[in-house]
Amino acid sequence: MGTVVLSVDAELGWGFHDFAEPPRDRLANARRGWQTLLDLCEEYRVPATWAVVGHLFLDECDGRHGDHPAPPGWFDHERGSDRMARSLRFADGLIERTATADVDHEIGLHTFSHVEMGASGTTARLADAELSAAVDAAREWGVDPRPRSFVFPRNDVGNLQALADHGITCYRGTTPTDRRRFDRYGGVDRLVRAALGSAGPPLVEPRRDSLGLVDVPASLFLFSVEGILRSAAEPFVGDPVAVLARRGIDRAAASDGLFHMWLHPNNLAGPQDAARLAEIFEHLARVRARTDLEVRTMGDVAATVRDETEAASTAVVADGAEST
Ligand SMILES: [Zn+2]
Ligand SMILES: [Zn+2]
């Protein structure tokens with residue numbers, strides 16, 4: 001049985017709060033993009049893993065977070081005359097709409113304040129505080145059972161111990177072929193070449209690590225070919241990312257593999273972006289109708305991996321017991 005996973009980095013303004021010049025267009029689209037994505041998931045019955053920045057669960061804050069060991073200035077954008085708008089710092093209803101949608105979405109985490117977990121300045125203490133505050137905010141909001149899935153800001157994997165310590169069971173790891181292909185072809189150009197040829201994004205294999213966490217690696221970022229490259233490829237193949245996503249879906253269905261797509265809601269900037277998602281979801285619906293392909297959340301995929309590895313280790317123990 002093939003599997004498709006869709007994960008969503010839900011961050012509103014927090015994805016850019018450490019930028020000197022946050023991209024205005026993406027911020028302006030953040031809330032509308034979230035709702036558009038929810039609507040599309042509903043229309044095509046696609047359950048997703050929403051990795052939410054923990055601060056968004058709050059109703060209010062003092063804008064200081066005095067007990068948080070973040071570097072000085074980290075929360076400055078919450079105060080002063082040119083502070084980031086409230087609508088970008090708090091979800092104000094969006095998480096509720098996600099959690100109560102007809103489709104059974106999973107609510108996961110994306111740290112508390114978008115700290116890069118793998119950065120050299122991110123100490124174990126800071127990582128622990130980010131996980132602790134995010135889990136507390138989610139549970140206080142009403143996420144029950146506790147959040148299981150995690151997405152690393154900027155896909156910067158690190159401080160895994162903090163995840164394990166706070167009850168997270170799985171995370172989205174980096175795309176396995178990224179480095180090799182980037183080195184060989186250079187940048188997103190490779191994706192256009194892939195779309196024009198017959199290559200496709202990788203299927204991935206979830207693996208459980210020594211901490212017991214399951215890595216559910218990414219296959220394809222759904223907004224990896226934009227601007228001039230997207231326009232250049234469109235007359236030849238149509239939307240190049242939609243081509244790649246369709247191939248990934250087809251391969252997962254044909255091989256019983258796992259295809260993992262991801263995006264930010266603020267990537268849905270204009271009608272052409274929603275059209276891309278609709279094209280991919282439509283294809284997904286067609287393949288689901290004629291095969292046993294399933295769309296599952298990261299948490300569900302990880303639960304299966306844990307069950308399988310536990311069953312396998314029990315079998316090994318039983319074998320060992322028989323042979324002695
Ligand atoms: Zn705050
Ligand atoms: Zn992010």
# chains A, B, ... in the order shown; residues from 1 in each chain; ligands from 1
>>> residues_around(residues="Gly15 in chain A", least_positions_apart="4", cutoff="10 Å", atoms="only C-alpha atoms", output="list of chain:residue names")
A:Asp9, A:Ala10, A:Glu11, A:Phe19, A:Pro22, A:Leu27, A:Val53, A:Leu88, A:His110, A:Ser113, A:His114, A:Val115, A:Pro153, A:Arg154, A:His264, A:Asn266
>>> write_last_selection(atoms="C-alpha atoms", output="PDB file, in the first residue's frame")
ATOM      1  CA  ASP A   9       4.862  24.642   8.315  1.00  0.00           C
ATOM      2  CA  ALA A  10       2.250  26.866   9.963  1.00  0.00           C
ATOM      3  CA  GLU A  11       4.009  29.917  11.312  1.00  0.00           C
ATOM      4  CA  PHE A  19      14.640  38.897   9.227  1.00  0.00           C
ATOM      5  CA  PRO A  22      10.559  40.195   6.144  1.00  0.00           C
ATOM      6  CA  LEU A  27       3.301  37.894   5.299  1.00  0.00           C
ATOM      7  CA  VAL A  53       4.663  27.511  15.906  1.00  0.00           C
ATOM      8  CA  LEU A  88       0.799  37.411  12.556  1.00  0.00           C
ATOM      9  CA  HIS A 110       7.288  23.843  14.763  1.00  0.00           C
ATOM     10  CA  SER A 113       9.241  30.882  18.472  1.00  0.00           C
ATOM     11  CA  HIS A 114      10.892  29.505  15.319  1.00  0.00           C
ATOM     12  CA  VAL A 115      14.337  28.946  16.809  1.00  0.00           C
ATOM     13  CA  PRO A 153      12.396  25.590  11.294  1.00  0.00           C
ATOM     14  CA  ARG A 154      14.298  25.957   8.000  1.00  0.00           C
ATOM     15  CA  HIS A 264       4.002  26.823   4.078  1.00  0.00           C
ATOM     16  CA  ASN A 266       2.113  31.627   2.948  1.00  0.00           C
TER      17      ASN A 266
END
>>> residues_near_ligand(ligand="ligand 1", cutoff="7 Å", atoms="only C-alpha atoms and all ligand atoms", output="mmCIF file with N, CA and C atoms, in the first residue's frame")
data_model
loop_
_atom_site.group_PDB
_atom_site.id
_atom_site.type_symbol
_atom_site.label_atom_id
_atom_site.label_comp_id
_atom_site.auth_asym_id
_atom_site.auth_seq_id
_atom_site.Cartn_x
_atom_site.Cartn_y
_atom_site.Cartn_z
ATOM 1 N N HIS A 55 3.859 29.656 19.753
ATOM 2 C CA HIS A 55 3.351 30.958 20.177
ATOM 3 C C HIS A 55 1.952 31.223 19.628
ATOM 4 N N CYS A 61 0.198 37.678 25.244
ATOM 5 C CA CYS A 61 1.501 37.522 25.896
ATOM 6 C C CYS A 61 2.007 38.902 26.263
ATOM 7 N N ASP A 62 3.067 38.950 27.067
ATOM 8 C CA ASP A 62 3.583 40.255 27.488
ATOM 9 C C ASP A 62 4.601 40.812 26.492
ATOM 10 N N GLY A 63 4.875 40.048 25.437
ATOM 11 C CA GLY A 63 5.832 40.521 24.436
ATOM 12 C C GLY A 63 7.267 40.489 24.923
ATOM 13 N N ARG A 64 7.479 39.883 26.102
ATOM 14 C CA ARG A 64 8.840 39.860 26.657
ATOM 15 C C ARG A 64 9.357 38.435 26.833
ATOM 16 N N HIS A 65 8.498 37.565 27.348
ATOM 17 C CA HIS A 65 8.886 36.173 27.583
ATOM 18 C C HIS A 65 10.163 36.115 28.433
ATOM 19 N N PHE A 75 12.498 38.597 20.966
ATOM 20 C CA PHE A 75 11.058 38.905 20.943
ATOM 21 C C PHE A 75 10.792 40.397 20.728
ATOM 22 N N GLU A 78 7.722 41.950 18.993
ATOM 23 C CA GLU A 78 6.389 41.936 19.621
ATOM 24 C C GLU A 78 6.094 43.246 20.344
#
>>> residues_around(residues="range 288-294 of chain A", least_positions_apart="2", cutoff="9 Å", atoms="only C-alpha atoms", output="PDB file with C-alpha atoms, in the first residue's frame")
ATOM      1  CA  MET A   1       0.000   0.000   0.000  1.00  0.00           C
ATOM      2  CA  GLY A   2       1.474   3.345  -1.055  1.00  0.00           C
ATOM      3  CA  THR A   3       1.338   6.353   1.239  1.00  0.00           C
ATOM      4  CA  VAL A   4       1.291  10.094   0.703  1.00  0.00           C
ATOM      5  CA  VAL A   5       2.039  12.531   3.543  1.00  0.00           C
ATOM      6  CA  ILE A 249       2.196  10.138  -6.137  1.00  0.00           C
ATOM      7  CA  ALA A 252       4.172   5.732  -4.233  1.00  0.00           C
ATOM      8  CA  ALA A 253       1.019   4.020  -5.508  1.00  0.00           C
ATOM      9  CA  ALA A 254       2.958   1.685  -7.817  1.00  0.00           C
ATOM     10  CA  ASP A 256       4.010   0.783  -1.909  1.00  0.00           C
ATOM     11  CA  HIS A 283      -4.415  13.790  -9.288  1.00  0.00           C
ATOM     12  CA  LEU A 284      -4.116  12.383  -5.785  1.00  0.00           C
ATOM     13  CA  ALA A 285      -7.892  11.858  -5.669  1.00  0.00           C
ATOM     14  CA  ARG A 286      -7.835  10.005  -9.018  1.00  0.00           C
ATOM     15  CA  ARG A 296      -1.685   9.617   6.238  1.00  0.00           C
TER      16      ARG A 296
END
>>> closest_residue(among="A:Thr111, A:Ser149, A:Thr297, A:Ser224", to="His260 in chain A", atoms="only C-alpha atoms")
A:Thr297
>>> residues_around(residues="Ala70 in chain A", least_positions_apart="2", cutoff="12 Å", atoms="only C-alpha atoms", output="list in words")
Arg64, His65, Gly66, Asp67, His68, Pro72, Gly73, Trp74, Phe75, Asp76, Phe112, Ser113, His114, Val115, Glu116, Gly121, Thr122, Thr123, Ala124, Arg125, Leu126, Ala127, Asp128, Ala129, Glu130 and Ala133 of chain A
>>> residues_around(residues="range 204-207 of chain A", least_positions_apart="6", cutoff="12 Å", atoms="only C-alpha atoms", output="ChimeraX atom specification")
/A:2-5,169-177,213-220,248,251-252,255-261,298-306,308-309
>>> write_last_selection(atoms="N, CA and C atoms", output="compact mmCIF listing (two decimals), in the first residue's frame")
# COMPACT_ATOMS: atom_id res chain seq x y z
N GLY A 2 0.71 2.10 -1.00
CA GLY A 2 1.47 3.34 -1.06
C GLY A 2 0.91 4.38 -0.09
N THR A 3 1.75 5.32 0.28
CA THR A 3 1.34 6.35 1.24
C THR A 3 1.79 7.73 0.77
N VAL A 4 0.92 8.70 0.93
CA VAL A 4 1.29 10.09 0.70
C VAL A 4 1.12 10.85 2.02
N VAL A 5 2.11 11.67 2.36
CA VAL A 5 2.04 12.53 3.54
C VAL A 5 2.16 13.98 3.07
N THR A 169 7.25 12.11 18.84
CA THR A 169 7.61 10.77 18.37
C THR A 169 8.21 10.79 16.97
N CYS A 170 8.01 11.89 16.22
CA CYS A 170 8.56 11.88 14.86
C CYS A 170 8.84 13.29 14.38
N TYR A 171 9.67 13.38 13.37
CA TYR A 171 10.01 14.68 12.78
C TYR A 171 10.22 14.51 11.28
N ARG A 172 10.14 15.66 10.58
CA ARG A 172 10.40 15.63 9.14
C ARG A 172 11.89 15.86 8.90
N GLY A 173 12.56 14.86 8.39
CA GLY A 173 13.98 14.98 8.07
C GLY A 173 14.14 15.58 6.68
N THR A 174 15.39 15.87 6.32
CA THR A 174 15.65 16.51 5.02
C THR A 174 15.52 15.50 3.88
N THR A 175 15.30 16.03 2.69
CA THR A 175 15.16 15.20 1.50
C THR A 175 16.47 14.45 1.25
N PRO A 176 16.41 13.12 1.14
CA PRO A 176 17.65 12.35 1.10
C PRO A 176 18.57 12.67 -0.06
N THR A 177 18.03 13.08 -1.21
CA THR A 177 18.90 13.28 -2.37
C THR A 177 19.29 14.73 -2.56
N LEU A 213 12.93 8.22 18.10
CA LEU A 213 12.21 9.15 17.21
C LEU A 213 12.18 8.59 15.80
N VAL A 214 11.07 8.81 15.11
CA VAL A 214 10.98 8.36 13.73
C VAL A 214 11.20 9.55 12.80
N ASP A 215 12.17 9.42 11.92
CA ASP A 215 12.42 10.44 10.89
C ASP A 215 11.55 10.10 9.68
N VAL A 216 10.65 11.03 9.33
CA VAL A 216 9.81 10.87 8.14
C VAL A 216 10.32 11.90 7.12
N PRO A 217 11.33 11.55 6.32
CA PRO A 217 12.00 12.56 5.49
C PRO A 217 11.06 13.16 4.44
N ALA A 218 11.41 14.37 4.03
CA ALA A 218 10.65 15.06 2.99
C ALA A 218 11.04 14.52 1.62
N SER A 219 10.07 14.49 0.70
CA SER A 219 10.37 14.17 -0.69
C SER A 219 10.44 15.42 -1.55
N LEU A 220 9.47 16.34 -1.36
CA LEU A 220 9.37 17.48 -2.28
C LEU A 220 8.73 18.70 -1.61
N GLY A 248 5.61 11.63 -8.11
CA GLY A 248 5.82 11.08 -6.77
C GLY A 248 4.61 10.27 -6.31
N ARG A 251 4.41 7.01 -8.23
CA ARG A 251 5.44 6.04 -7.79
C ARG A 251 5.10 5.43 -6.44
N ALA A 252 4.57 6.27 -5.55
CA ALA A 252 4.17 5.73 -4.23
C ALA A 252 3.09 4.67 -4.41
N SER A 255 4.57 1.42 -6.00
CA SER A 255 5.65 0.67 -5.34
C SER A 255 5.42 0.46 -3.85
N ASP A 256 4.26 0.87 -3.36
CA ASP A 256 4.01 0.78 -1.91
C ASP A 256 4.97 1.66 -1.12
N GLY A 257 5.49 2.70 -1.74
CA GLY A 257 6.44 3.58 -1.05
C GLY A 257 5.74 4.76 -0.40
N LEU A 258 6.56 5.66 0.14
CA LEU A 258 6.05 6.85 0.84
C LEU A 258 6.54 8.11 0.12
N PHE A 259 5.58 8.97 -0.23
CA PHE A 259 5.89 10.25 -0.87
C PHE A 259 5.43 11.36 0.07
N HIS A 260 6.37 12.25 0.45
CA HIS A 260 6.10 13.26 1.48
C HIS A 260 6.28 14.66 0.91
N MET A 261 5.17 15.37 0.74
CA MET A 261 5.20 16.74 0.20
C MET A 261 5.04 17.73 1.36
N MET A 298 1.98 12.37 9.53
CA MET A 298 3.31 11.95 10.00
C MET A 298 3.18 11.09 11.26
N GLY A 299 2.31 11.51 12.17
CA GLY A 299 2.15 10.78 13.44
C GLY A 299 1.67 9.35 13.21
N ASP A 300 0.76 9.17 12.26
CA ASP A 300 0.26 7.82 11.98
C ASP A 300 1.33 6.94 11.33
N VAL A 301 2.08 7.56 10.40
CA VAL A 301 3.17 6.80 9.76
C VAL A 301 4.17 6.37 10.83
N ALA A 302 4.51 7.29 11.73
CA ALA A 302 5.49 6.98 12.78
C ALA A 302 4.98 5.89 13.72
N ALA A 303 3.70 5.93 14.02
CA ALA A 303 3.13 4.92 14.92
C ALA A 303 3.27 3.53 14.30
N THR A 304 3.06 3.44 12.98
CA THR A 304 3.21 2.14 12.30
C THR A 304 4.67 1.68 12.36
N VAL A 305 5.59 2.61 12.12
CA VAL A 305 7.02 2.24 12.16
C VAL A 305 7.40 1.75 13.56
N ARG A 306 6.91 2.43 14.56
CA ARG A 306 7.23 2.02 15.95
C ARG A 306 6.66 0.64 16.23
N GLU A 308 6.04 -1.70 14.08
CA GLU A 308 6.79 -2.71 13.32
C GLU A 308 8.14 -2.99 13.95
N THR A 309 8.85 -1.91 14.39
CA THR A 309 10.18 -2.16 14.96
C THR A 309 10.05 -2.88 16.30
>>> closest_residue(among="A:Val151, A:Ala245, A:Val46, A:Leu163", to="ligand 2", atoms="only C-alpha atoms and all ligand atoms")
A:Val151
>>> residues_around(residues="Phe236 in chain A", least_positions_apart="4", cutoff="10 Å", atoms="only C-alpha atoms", output="list in words")
Ala195, Leu196, Ser231, Ala232 and Pro240 of chain A
>>> write_last_selection(atoms="C-alpha atoms", output="short mmCIF file (atom, residue, chain, number, x, y, z; two decimals), in the first residue's frame")
data_model
loop_
_atom_site.label_atom_id
_atom_site.label_comp_id
_atom_site.auth_asym_id
_atom_site.auth_seq_id
_atom_site.Cartn_x
_atom_site.Cartn_y
_atom_site.Cartn_z
CA ALA A 195 10.33 17.92 -14.74
CA LEU A 196 11.39 18.09 -18.39
CA SER A 231 7.57 30.59 -16.22
CA ALA A 232 10.29 29.13 -18.46
CA PRO A 240 6.88 21.81 -13.20
#
>>> closest_residue(among="A:Val103, A:Ala137, A:Leu94, A:Val157", to="Glu60 in chain A", atoms="only C-alpha atoms")
A:Ala137
>>> select_by_dssp(residues="range 63-244 of chain A", states="alpha helix (DSSP H)", output="number ranges by chain")
A: 86-89, 94-99, 124-141, 160-165, 178-185, 189-196, 227-237, 240-244
